[in-house]
Amino acid sequence: MNRPTNRLFACSGIAGLLLFLMVVPSWCQKSGSPGQGPSRPSGPTGGSAPNAPGQPSPMGPSGTQLQTPLYVNGRVLLMDTNQPSPEPVSVQLNCGPNLLQVIQTDLKGYFQFVLGAGPQSNANLSAADSTPIGMVGMSGAVSSSSYGRIGNGLGDLTGCELRVMVDGYLPASHVISGPPELATMDVGTMRLTRIAGVPGSAISVTSLLVPSSARKEFEKGDKDARDNKLKSATEHLQKAVAEYDNYAAAWNELGGIYATTHDTEKARQAFTKAIAVDPKYIPPYVNLCSLQLQNQEYEDAVGTAGRALELDPAIPLANYLQAVSNFKLKRLDDAEKSAQQVEKGPHQNLPQVYGLLADIYMLKEDYPKAAEQMRTYLKRWPRGPFAANMKKSLDQIEASGTAAESQPKSSPTQPQSAP
């Protein structure tokens, strides 16, 4: 029986990976694609959440009233201090197995989801935890029809879950139990608790020691970066680190901007500086690893990802980056192990891990496992960017009759890079 000879180059997870600027949520990821406005609220005044009930609906270009959006408000605080995180953290809205939206808190801890029609809608799959910006919409478009009447008046989010996941902290969640009153739903306060025995964190201890003047510059830079005003953001962040040289979060965000503008060496220096001033701060390790992988420094990327995983072994993106780096180095067993770690945990924002595992199993000539990974991807992300190529490759395997047999290789051949 003839075995399939075409590798899964088109559907490989690496194809999406190398298109990004690596900056992760609560690690200075911008919650929006280039040119998009901020999708997190500005700091509310008076201690209340923004956009109180009864807020008028947004107006269309012609001045006509658009369909009433649904506002979901809440706040995230740190359990040990009962204060907001000194850095933004991301909040997911999941309905069933699907990730509907991800936004970020402001620096007072408040967040607001805007669902429904109109220009204020802030749906943004690119801001998912631990997901590079270039992987926008990796899980495909989400149909509002799956979640009650979102976009057709008031939405019914009953059973949907709000989830806050920050490395070094236990996940916090809130299940929505009923329809909103008027057009606004207040879910109250969600609190983050440190994980005992995990030394690393996605929130830098240096952020708690920042002088007010440096913090104000960081806030301005953070806002400008979200508005894609990168020149102004750079200036503010440079002022922040000039006033407080140990400001790890500012160095990390500055590195993210340099990476966006393809100033690789400055990005590398900024991430390295962030690590130096706070060795237990996880984000710059992951950012630096991504930069190394993007520059084909695979051995260095494996090491940097390993340092991040020493601080918290459950980081999905660090495991994924290490898997890709090992794949590039032809260490398929190591790549498989790291990719399986991603698969075991929450990974709605990393569906390309199934493409990577399929590539690994194809190179090992373990076609039943490769086919299983493809089917899983197609079931969970039928409209994902790799779906067409995944379906084509799966059809080839099934047509060849090898989906039911397995003769894995022990000595893998050199994998071909994805386009």
# chains A, B, ... in the order shown; residues from 1 in each chain; ligands from 1
$ residues_around --residues "region 156-166 of chain A" --least-positions-apart "4" --cutoff "6 Å" --atoms "only C-alpha atoms" --output "count of residues only"
16
$ residues_around --residues "region 231-241 of chain A" --least-positions-apart "6" --cutoff "8 Å" --atoms "only C-alpha atoms" --output "list in words"
Ser213, Ala214, Arg215, Lys216, Glu217, Phe218, Lys220, Gly221, Asp222, Lys223, Asp224, Ala225, Tyr247, Ala250, Trp251, Glu253, Leu254 and Ile257 of chain A
$ residues_around --residues "Phe111 (chain A)" --least-positions-apart "4" --cutoff "6 Å" --atoms "only C-alpha atoms" --output "list in words"
Pro41, Asn73, Gly74, Arg75 and Thr105 of chain A
$ atom_distance --atom1 "CA of Leu107 (chain A)" --atom2 "CA of Ile203 (chain A)"
12.4 Å
$ residues_around --residues "region 271-282 of chain A" --least-positions-apart "5" --cutoff "9 Å" --atoms "only C-alpha atoms" --output "MDAnalysis selection string"
chainID A and resid 27 167:168 199:206 245:256 266 287:288 307:309 311:312
$ select_by_dssp --residues "region 139-273 of chain A" --states "strand (DSSP E)" --output "MDAnalysis selection string"
chainID A and resid 161:164 172:175 184:192
